[in-house]
Amino acid sequence: MSEIETDAPLSTSLVNAGSALETDASTVPTVAGEILDAVPGQPQALLLLVSSLRLLGQQDVACEVLEWMAGVHPNLAAVRYELGLLLGRLGRTKEAIEHLSRVVDLEPNHPAAWRALGNQQARNGDKAAAGESYAEHVKRSIRELKLLEDAVAVVEADDLVKAENMLRQSLDINPTDVSMMRMLADVYVRLSRSYLARIQLSRALEIAPGYLAARESFAAALNVGMRWQEAIEQFDILIETSSRKGFFKTQKANNLAMLGEFERAFDLFHEVQPEQARNPSFWLNYGHTLRTVGRSEEMVDAYRESVEIDPGYGGGWYGLANLKTYRFSAVEIEAMRAQLKRSDLNDGNRASLNFALGQALEDQKSYAESFDCYREANALRRRSLHHDSASMGKELAKLKAFFNPELFRERAGLGCPSADPIFIVGMVRAGSTLIEQVLSSHSLVEGTMELPDLTDIVIELKSRRTKGAYPEMLADMDGAALNALGEKYLELTRCQRKTSRPFFTDKTGGNFWHVGLIQLILPNARIIDARRHPLGCSFSIFKQVFPAQTVGYGYDLSEIGHNYRYYVEMMAHIDKVLPGKVHRVFHEDMVDDTEGEIRRLLEFCGLPFEESCLRFYETERSVRTSSSEQVRKPISRKGVETWQHYEPWLGPVKDALGDVLSLYPQVPHFD
């Protein structure tokens, strides 16, 4: 609006009238009227009058005043904006579009007007125009959005829930604000709720298909949730519309590898290599794919290439360290030390470098210095993650109360009868990849990876607006509903099955929380519990980087100990209410009596013994976990006892474990 020359008394009256809008709108028409008597047509007074009339429910009168003002002041964007909003509220959509279109002509850098115009265009059924307007809203808000995004990005983990509430309240006020949806989705990812992030971003793209930043976030959230094929669909769109085609082709190649489409993946890597040759993340992703298929020498070369391009690139250093079989030279160790002295290194690179240096020093038997590196790396990672051990304890109590013998007696015979899945549950780093490799060496079993599908089913159930919360809602489901959930799991996992073998593995360790659900929806599925010495398992977790917030408890020794204890308690409850349902494999026993443990494992799964299972390390298959190099070698005792060198510093995990540690391998009485 053009500046209006006002004397002091008029200015004071306008300020007082504006304040009255928030306290007693009924007084504003009188004050505004007095101003208009003194200065006929005064625009600010007219807008105050309109606002008060609207608050007092006299919208038709307010509309008449605004229409008169628009006629008198046709180029005042503020008048047309208020009129457009009011016409929209009155359901006069086409007229609202006309006035709001004029606003953005007069003031193209009016973000709120673009959003309001998009709302009216969407209401009028013109989704294409609405999408363009919403994209303009984001474009015109870019400076303010960047400030807000930066503020949200540095929010400490413990304040993430507050940030979530703030963004949700903002969306309650402006439900089509796609930029807020994107920021809320980013918070959800940090809260390990990628399913909810995907819902927000899908909605944002439905409103504004051209919002490329949201599409990038959507693809990233799909990757966090291991929805590789769906993410590829987004990468294909970005390849066509974004200037960063090479980057997105690399991401697509990585996802093709995760789906087992290795020939297509390598073709794409080789296609983009010339333009991405100086991008360290290209070589890291390429190295990961080479590792998956067992091309060890090329893999090492790729990781080395990434750190030659950028010596501070922590991902490349950690890629080498995470092989567990690579030995760093003295020159490489000094190079990592030098990079850690840099003041400009971001937390992500600093954490990965510390993890890598910790492994290098461990190999040199410099255990105290090695532990300092691990401790620093974990502190950096933990700072950005949200994990609430107390809430996990409450969840455990709820699951134990619901999944009782009576429930399973009542539901016997229901669910999907398929016996295809073999679930390998337990803590991460407990030997599940070894068990999967053994089973995958059998002619009837296909090994896959950690599959997100059961967790996603649980999250979807929790998000349903029903009378009961999860898991209580399961009590109201009939046989058809439970069968449908089992079939849904099989359908979701189908993309990972590349052979005609009748059985397949799902080695998502965290599914120990969902054994009760598995029994209800897939009662014939086999369940194997991979268990390892509490300190060996806990320390192995502590020195591992996990992808994209999948193991939120893994960066604090006390939280690792509490989670291990919750796991043991949950499985003890399952043993009690479903005796014989779970076959337990202790990693130490697998090392000491490999053949005996493998024979018992196959017998539990109903599989005939095959000699190839004893020679599992000869099996050629893709292994998409951090233990890929280890399971390609015969079993060794080395990893079983590593934690003993670090026992002096493991007090926090010991305290959290309590009698779970002192009684191992026996189990305390929890009830």
# chains A, B, ... in the order shown; residues from 1 in each chain; ligands from 1

$ select_by_dssp --residues "segment 392-550 of chain A" --states "alpha helix (DSSP H)" --output "PyMOL selection string"
chain A and resi 392-402+405-410+432-440+453-463+479-493+515-521+534-542

$ residues_around --residues "Gly479 of chain A" --least-positions-apart "4" --cutoff "6 Å" --atoms "only C-alpha atoms" --output "ChimeraX atom specification"
/A:414-415,483

$ residues_around --residues "Asn124 of chain A" --least-positions-apart "6" --cutoff "9 Å" --atoms "only C-alpha atoms" --output "ChimeraX atom specification"
/A:93-94,97

$ closest_residue --among "A:Thr27, A:Thr250, A:Thr493, A:Asn322" --to "Asp506 of chain A" --atoms "only C-alpha atoms"
A:Thr493

$ select_by_dssp --residues "segment 368-474 of chain A" --states "strand (DSSP E)" --output "list in words"
Pro421, Ile422, Phe423, Ile424, Val425, Val445, Glu446, Gly447, Thr448 and Met449 of chain A

$ write_last_selection --atoms "N, CA, C and O atoms" --output "short mmCIF file (atom, residue, chain, number, x, y, z; two decimals), in the first residue's frame"
data_model
loop_
_atom_site.label_atom_id
_atom_site.label_comp_id
_atom_site.auth_asym_id
_atom_site.auth_seq_id
_atom_site.Cartn_x
_atom_site.Cartn_y
_atom_site.Cartn_z
N PRO A 421 7.74 -66.53 4.98
CA PRO A 421 8.75 -65.70 5.66
C PRO A 421 9.49 -66.45 6.77
O PRO A 421 8.89 -67.24 7.53
N ILE A 422 10.77 -66.19 6.86
CA ILE A 422 11.58 -66.60 8.01
C ILE A 422 12.11 -65.31 8.63
O ILE A 422 12.97 -64.63 8.04
N PHE A 423 11.57 -64.94 9.77
CA PHE A 423 11.97 -63.69 10.43
C PHE A 423 13.18 -63.96 11.33
O PHE A 423 13.17 -64.90 12.14
N ILE A 424 14.21 -63.14 11.18
CA ILE A 424 15.38 -63.21 12.06
C ILE A 424 15.36 -61.93 12.89
O ILE A 424 15.56 -60.83 12.37
N VAL A 425 15.07 -62.07 14.18
CA VAL A 425 14.88 -60.90 15.04
C VAL A 425 15.98 -60.84 16.08
O VAL A 425 16.77 -61.76 16.24
N VAL A 445 15.73 -71.41 0.20
CA VAL A 445 15.60 -70.13 0.92
C VAL A 445 16.28 -69.01 0.15
O VAL A 445 17.43 -69.15 -0.28
N GLU A 446 15.57 -67.89 0.01
CA GLU A 446 16.14 -66.70 -0.61
C GLU A 446 16.44 -65.66 0.47
O GLU A 446 15.56 -65.31 1.27
N GLY A 447 17.67 -65.19 0.51
CA GLY A 447 18.03 -64.14 1.47
C GLY A 447 17.71 -62.78 0.90
O GLY A 447 18.00 -62.50 -0.27
N THR A 448 17.13 -61.92 1.70
CA THR A 448 16.84 -60.56 1.24
C THR A 448 17.70 -59.58 2.03
O THR A 448 18.88 -59.43 1.79
N MET A 449 17.12 -58.93 3.01
CA MET A 449 17.84 -57.92 3.80
C MET A 449 16.93 -57.51 4.95
O MET A 449 15.93 -58.17 5.22
#

$ residues_around --residues "Pro668 of chain A" --least-positions-apart "2" --cutoff "9 Å" --atoms "only C-alpha atoms" --output "mmCIF file with all heavy atoms, in the first residue's frame"
data_model
loop_
_atom_site.group_PDB
_atom_site.id
_atom_site.type_symbol
_atom_site.label_atom_id
_atom_site.label_comp_id
_atom_site.auth_asym_id
_atom_site.auth_seq_id
_atom_site.Cartn_x
_atom_site.Cartn_y
_atom_site.Cartn_z
ATOM 1 N N VAL A 568 15.414 -58.494 25.637
ATOM 2 C CA VAL A 568 15.413 -59.767 26.371
ATOM 3 C C VAL A 568 14.081 -59.961 27.090
ATOM 4 O O VAL A 568 13.502 -61.063 27.096
ATOM 5 C CB VAL A 568 16.592 -59.815 27.363
ATOM 6 C CG1 VAL A 568 16.488 -61.038 28.272
ATOM 7 C CG2 VAL A 568 17.920 -59.833 26.611
ATOM 8 N N GLU A 569 13.556 -58.886 27.677
ATOM 9 C CA GLU A 569 12.281 -58.987 28.381
ATOM 10 C C GLU A 569 11.135 -59.302 27.418
ATOM 11 O O GLU A 569 10.250 -60.102 27.721
ATOM 12 C CB GLU A 569 11.994 -57.687 29.138
ATOM 13 C CG GLU A 569 10.726 -57.742 29.979
ATOM 14 C CD GLU A 569 10.537 -56.515 30.859
ATOM 15 O OE1 GLU A 569 11.472 -55.685 30.938
ATOM 16 O OE2 GLU A 569 9.447 -56.395 31.469
ATOM 17 N N ALA A 572 11.438 -62.909 26.379
ATOM 18 C CA ALA A 572 11.068 -63.788 27.495
ATOM 19 C C ALA A 572 9.548 -63.894 27.600
ATOM 20 O O ALA A 572 8.996 -64.971 27.876
ATOM 21 C CB ALA A 572 11.663 -63.253 28.799
ATOM 22 N N ASP A 659 20.879 -57.538 35.772
ATOM 23 C CA ASP A 659 20.989 -58.998 35.830
ATOM 24 C C ASP A 659 20.851 -59.668 34.470
ATOM 25 O O ASP A 659 21.123 -60.863 34.334
ATOM 26 C CB ASP A 659 19.976 -59.593 36.817
ATOM 27 C CG ASP A 659 18.554 -59.100 36.582
ATOM 28 O OD1 ASP A 659 18.325 -58.369 35.598
ATOM 29 O OD2 ASP A 659 17.664 -59.446 37.389
ATOM 30 N N VAL A 660 20.455 -58.925 33.438
ATOM 31 C CA VAL A 660 20.493 -59.492 32.086
ATOM 32 C C VAL A 660 21.935 -59.847 31.725
ATOM 33 O O VAL A 660 22.189 -60.850 31.050
ATOM 34 C CB VAL A 660 19.904 -58.502 31.055
ATOM 35 C CG1 VAL A 660 20.256 -58.899 29.631
ATOM 36 C CG2 VAL A 660 18.394 -58.424 31.209
ATOM 37 N N LEU A 663 23.366 -62.811 34.454
ATOM 38 C CA LEU A 663 22.765 -64.137 34.286
ATOM 39 C C LEU A 663 22.978 -64.730 32.891
ATOM 40 O O LEU A 663 22.659 -65.892 32.666
ATOM 41 C CB LEU A 663 21.265 -64.078 34.570
ATOM 42 C CG LEU A 663 20.845 -63.802 36.013
ATOM 43 C CD1 LEU A 663 19.334 -63.680 36.119
ATOM 44 C CD2 LEU A 663 21.347 -64.913 36.933
ATOM 45 N N TYR A 664 23.468 -63.941 31.961
ATOM 46 C CA TYR A 664 23.596 -64.405 30.575
ATOM 47 C C TYR A 664 24.355 -65.736 30.513
ATOM 48 O O TYR A 664 25.379 -65.888 31.194
ATOM 49 C CB TYR A 664 24.342 -63.354 29.749
ATOM 50 C CG TYR A 664 24.482 -63.717 28.284
ATOM 51 C CD1 TYR A 664 23.443 -63.486 27.402
ATOM 52 C CD2 TYR A 664 25.643 -64.328 27.798
ATOM 53 C CE1 TYR A 664 23.564 -63.822 26.060
ATOM 54 C CE2 TYR A 664 25.762 -64.670 26.456
ATOM 55 C CZ TYR A 664 24.723 -64.429 25.595
ATOM 56 O OH TYR A 664 24.830 -64.774 24.272
ATOM 57 N N GLN A 666 21.342 -67.182 30.677
ATOM 58 C CA GLN A 666 20.032 -67.339 31.305
ATOM 59 C C GLN A 666 19.319 -65.982 31.341
ATOM 60 O O GLN A 666 19.936 -64.936 31.158
ATOM 61 C CB GLN A 666 20.189 -67.901 32.723
ATOM 62 C CG GLN A 666 20.891 -69.261 32.772
ATOM 63 C CD GLN A 666 20.177 -70.310 31.945
ATOM 64 O OE1 GLN A 666 18.951 -70.454 32.047
ATOM 65 N NE2 GLN A 666 20.918 -71.032 31.121
ATOM 66 N N PHE A 670 11.180 -61.347 34.867
ATOM 67 C CA PHE A 670 10.793 -59.943 34.749
ATOM 68 C C PHE A 670 9.453 -59.644 35.402
ATOM 69 O O PHE A 670 9.171 -58.510 35.750
ATOM 70 C CB PHE A 670 10.738 -59.544 33.271
ATOM 71 C CG PHE A 670 12.089 -59.507 32.615
ATOM 72 C CD1 PHE A 670 12.527 -60.551 31.824
ATOM 73 C CD2 PHE A 670 12.935 -58.428 32.805
ATOM 74 C CE1 PHE A 670 13.767 -60.520 31.216
ATOM 75 C CE2 PHE A 670 14.179 -58.384 32.203
ATOM 76 C CZ PHE A 670 14.602 -59.442 31.412
#

$ residues_around --residues "Glu132 of chain A" --least-positions-apart "5" --cutoff "9 Å" --atoms "only C-alpha atoms" --output "ChimeraX atom specification"
/A:118,127,137,208-211

$ atom_distance --atom1 "atom CA of Leu76 of chain A" --atom2 "atom CA of Ser179 of chain A"
27.6 Å

$ residues_around --residues "segment 215-221 of chain A" --least-positions-apart "4" --cutoff "6 Å" --atoms "only C-alpha atoms" --output "list in words"
Ser194, Leu201, Ala231 and Gln234 of chain A

$ write_last_selection --atoms "all heavy atoms" --output "PDB file, in the first residue's frame"
ATOM      1  N   SER A 194       9.673 -42.003   9.419  1.00  0.00           N
ATOM      2  CA  SER A 194       9.730 -41.739   7.983  1.00  0.00           C
ATOM      3  C   SER A 194       8.380 -41.986   7.311  1.00  0.00           C
ATOM      4  O   SER A 194       8.073 -41.388   6.278  1.00  0.00           O
ATOM      5  CB  SER A 194      10.808 -42.589   7.318  1.00  0.00           C
ATOM      6  OG  SER A 194      10.521 -43.971   7.425  1.00  0.00           O
ATOM      7  N   LEU A 201       4.962 -35.300   2.667  1.00  0.00           N
ATOM      8  CA  LEU A 201       5.566 -34.922   1.395  1.00  0.00           C
ATOM      9  C   LEU A 201       4.706 -35.337   0.211  1.00  0.00           C
ATOM     10  O   LEU A 201       4.647 -34.641  -0.801  1.00  0.00           O
ATOM     11  CB  LEU A 201       6.965 -35.533   1.296  1.00  0.00           C
ATOM     12  CG  LEU A 201       7.964 -34.922   2.280  1.00  0.00           C
ATOM     13  CD1 LEU A 201       9.194 -35.802   2.431  1.00  0.00           C
ATOM     14  CD2 LEU A 201       8.372 -33.516   1.843  1.00  0.00           C
ATOM     15  N   ALA A 231      11.137 -44.697  -4.441  1.00  0.00           N
ATOM     16  CA  ALA A 231      12.101 -43.593  -4.530  1.00  0.00           C
ATOM     17  C   ALA A 231      12.634 -43.462  -5.958  1.00  0.00           C
ATOM     18  O   ALA A 231      12.845 -42.343  -6.451  1.00  0.00           O
ATOM     19  CB  ALA A 231      13.262 -43.814  -3.558  1.00  0.00           C
ATOM     20  N   GLN A 234      10.517 -41.297  -8.001  1.00  0.00           N
ATOM     21  CA  GLN A 234      10.756 -39.872  -7.755  1.00  0.00           C
ATOM     22  C   GLN A 234      12.062 -39.412  -8.408  1.00  0.00           C
ATOM     23  O   GLN A 234      12.142 -38.311  -8.962  1.00  0.00           O
ATOM     24  CB  GLN A 234      10.787 -39.600  -6.249  1.00  0.00           C
ATOM     25  CG  GLN A 234       9.485 -39.932  -5.530  1.00  0.00           C
ATOM     26  CD  GLN A 234       8.299 -39.227  -6.147  1.00  0.00           C
ATOM     27  OE1 GLN A 234       8.337 -38.024  -6.423  1.00  0.00           O
ATOM     28  NE2 GLN A 234       7.224 -39.968  -6.378  1.00  0.00           N
TER      29      GLN A 234
END

$ closest_residue --among "A:Lys324, A:Arg381, A:Arg168, A:Arg203" --to "Gly348 of chain A" --atoms "only C-alpha atoms"
A:Arg381

$ residues_around --residues "Thr594 of chain A" --least-positions-apart "6" --cutoff "10 Å" --atoms "only C-alpha atoms" --output "NGL selection string"
:A and (587-588 or 614 or 635)

$ atom_distance --atom1 "atom CA of Gln120 of chain A" --atom2 "atom CA of Asp105 of chain A"
16.2 Å

$ atom_distance --atom1 "atom CA of Leu557 of chain A" --atom2 "atom CA of Val653 of chain A"
5.0 Å

$ decode --residues "segment 63-75 of chain A" --atoms "all heavy atoms" --output "compact mmCIF listing (two decimals), in the first residue's frame"
# COMPACT_ATOMS: atom_id res chain seq x y z
N CYS A 63 -17.66 -7.03 2.70
CA CYS A 63 -17.39 -7.26 1.28
C CYS A 63 -17.81 -6.03 0.45
O CYS A 63 -17.08 -5.63 -0.48
CB CYS A 63 -18.15 -8.50 0.81
SG CYS A 63 -17.65 -9.07 -0.81
N GLU A 64 -18.94 -5.44 0.78
CA GLU A 64 -19.39 -4.25 0.06
C GLU A 64 -18.38 -3.11 0.20
O GLU A 64 -18.08 -2.39 -0.77
CB GLU A 64 -20.76 -3.82 0.57
CG GLU A 64 -21.89 -4.77 0.20
CD GLU A 64 -23.21 -4.36 0.81
OE1 GLU A 64 -23.26 -3.26 1.41
OE2 GLU A 64 -24.19 -5.13 0.73
N VAL A 65 -17.86 -2.93 1.42
CA VAL A 65 -16.87 -1.87 1.66
C VAL A 65 -15.62 -2.11 0.82
O VAL A 65 -15.07 -1.20 0.18
CB VAL A 65 -16.52 -1.76 3.16
CG1 VAL A 65 -15.39 -0.76 3.37
CG2 VAL A 65 -17.75 -1.37 3.97
N LEU A 66 -15.13 -3.37 0.82
CA LEU A 66 -13.92 -3.69 0.07
C LEU A 66 -14.12 -3.53 -1.43
O LEU A 66 -13.23 -3.06 -2.14
CB LEU A 66 -13.47 -5.13 0.39
CG LEU A 66 -12.76 -5.32 1.74
CD1 LEU A 66 -12.56 -6.79 2.03
CD2 LEU A 66 -11.40 -4.60 1.74
N GLU A 67 -15.30 -3.92 -1.93
CA GLU A 67 -15.57 -3.76 -3.37
C GLU A 67 -15.58 -2.28 -3.76
O GLU A 67 -15.08 -1.89 -4.83
CB GLU A 67 -16.89 -4.44 -3.73
CG GLU A 67 -16.78 -5.97 -3.71
CD GLU A 67 -18.12 -6.66 -3.94
OE1 GLU A 67 -19.16 -6.07 -3.55
OE2 GLU A 67 -18.13 -7.77 -4.49
N TRP A 68 -16.16 -1.46 -2.86
CA TRP A 68 -16.15 -0.01 -3.12
C TRP A 68 -14.71 0.51 -3.14
O TRP A 68 -14.32 1.27 -4.02
CB TRP A 68 -16.97 0.70 -2.04
CG TRP A 68 -16.88 2.20 -2.17
CD1 TRP A 68 -17.57 3.02 -3.00
CD2 TRP A 68 -16.01 3.05 -1.41
NE1 TRP A 68 -17.20 4.32 -2.84
CE2 TRP A 68 -16.24 4.38 -1.86
CE3 TRP A 68 -15.07 2.82 -0.40
CZ2 TRP A 68 -15.57 5.47 -1.33
CZ3 TRP A 68 -14.39 3.90 0.12
CH2 TRP A 68 -14.64 5.22 -0.34
N MET A 69 -13.89 0.04 -2.16
CA MET A 69 -12.50 0.49 -2.09
C MET A 69 -11.72 0.07 -3.33
O MET A 69 -10.90 0.82 -3.85
CB MET A 69 -11.81 -0.09 -0.84
CG MET A 69 -12.27 0.52 0.47
SD MET A 69 -11.35 -0.19 1.86
CE MET A 69 -9.74 0.51 1.58
N ALA A 70 -11.95 -1.17 -3.80
CA ALA A 70 -11.25 -1.66 -4.98
C ALA A 70 -11.59 -0.80 -6.20
O ALA A 70 -10.74 -0.61 -7.09
CB ALA A 70 -11.59 -3.12 -5.24
N GLY A 71 -12.82 -0.30 -6.24
CA GLY A 71 -13.20 0.57 -7.34
C GLY A 71 -12.52 1.92 -7.26
O GLY A 71 -12.09 2.48 -8.28
N VAL A 72 -12.40 2.43 -6.03
CA VAL A 72 -11.78 3.75 -5.84
C VAL A 72 -10.26 3.66 -5.95
O VAL A 72 -9.61 4.57 -6.50
CB VAL A 72 -12.18 4.33 -4.46
CG1 VAL A 72 -11.44 5.64 -4.20
CG2 VAL A 72 -13.69 4.54 -4.40
N HIS A 73 -9.66 2.56 -5.41
CA HIS A 73 -8.21 2.39 -5.41
C HIS A 73 -7.87 1.08 -6.14
O HIS A 73 -7.48 0.09 -5.50
CB HIS A 73 -7.66 2.35 -3.98
CG HIS A 73 -8.00 3.55 -3.14
ND1 HIS A 73 -7.38 4.76 -3.31
CD2 HIS A 73 -8.91 3.71 -2.14
CE1 HIS A 73 -7.87 5.64 -2.44
NE2 HIS A 73 -8.82 5.02 -1.73
N PRO A 74 -8.01 1.01 -7.45
CA PRO A 74 -7.85 -0.25 -8.18
C PRO A 74 -6.44 -0.84 -8.11
O PRO A 74 -6.27 -2.03 -8.36
CB PRO A 74 -8.22 0.14 -9.62
CG PRO A 74 -8.00 1.60 -9.70
CD PRO A 74 -8.34 2.14 -8.35
N ASN A 75 -5.45 -0.07 -7.78
CA ASN A 75 -4.08 -0.57 -7.76
C ASN A 75 -3.53 -0.77 -6.36
O ASN A 75 -2.31 -0.92 -6.19
CB ASN A 75 -3.16 0.36 -8.55
CG ASN A 75 -3.50 0.36 -10.03
OD1 ASN A 75 -3.87 -0.67 -10.58
ND2 ASN A 75 -3.40 1.52 -10.67
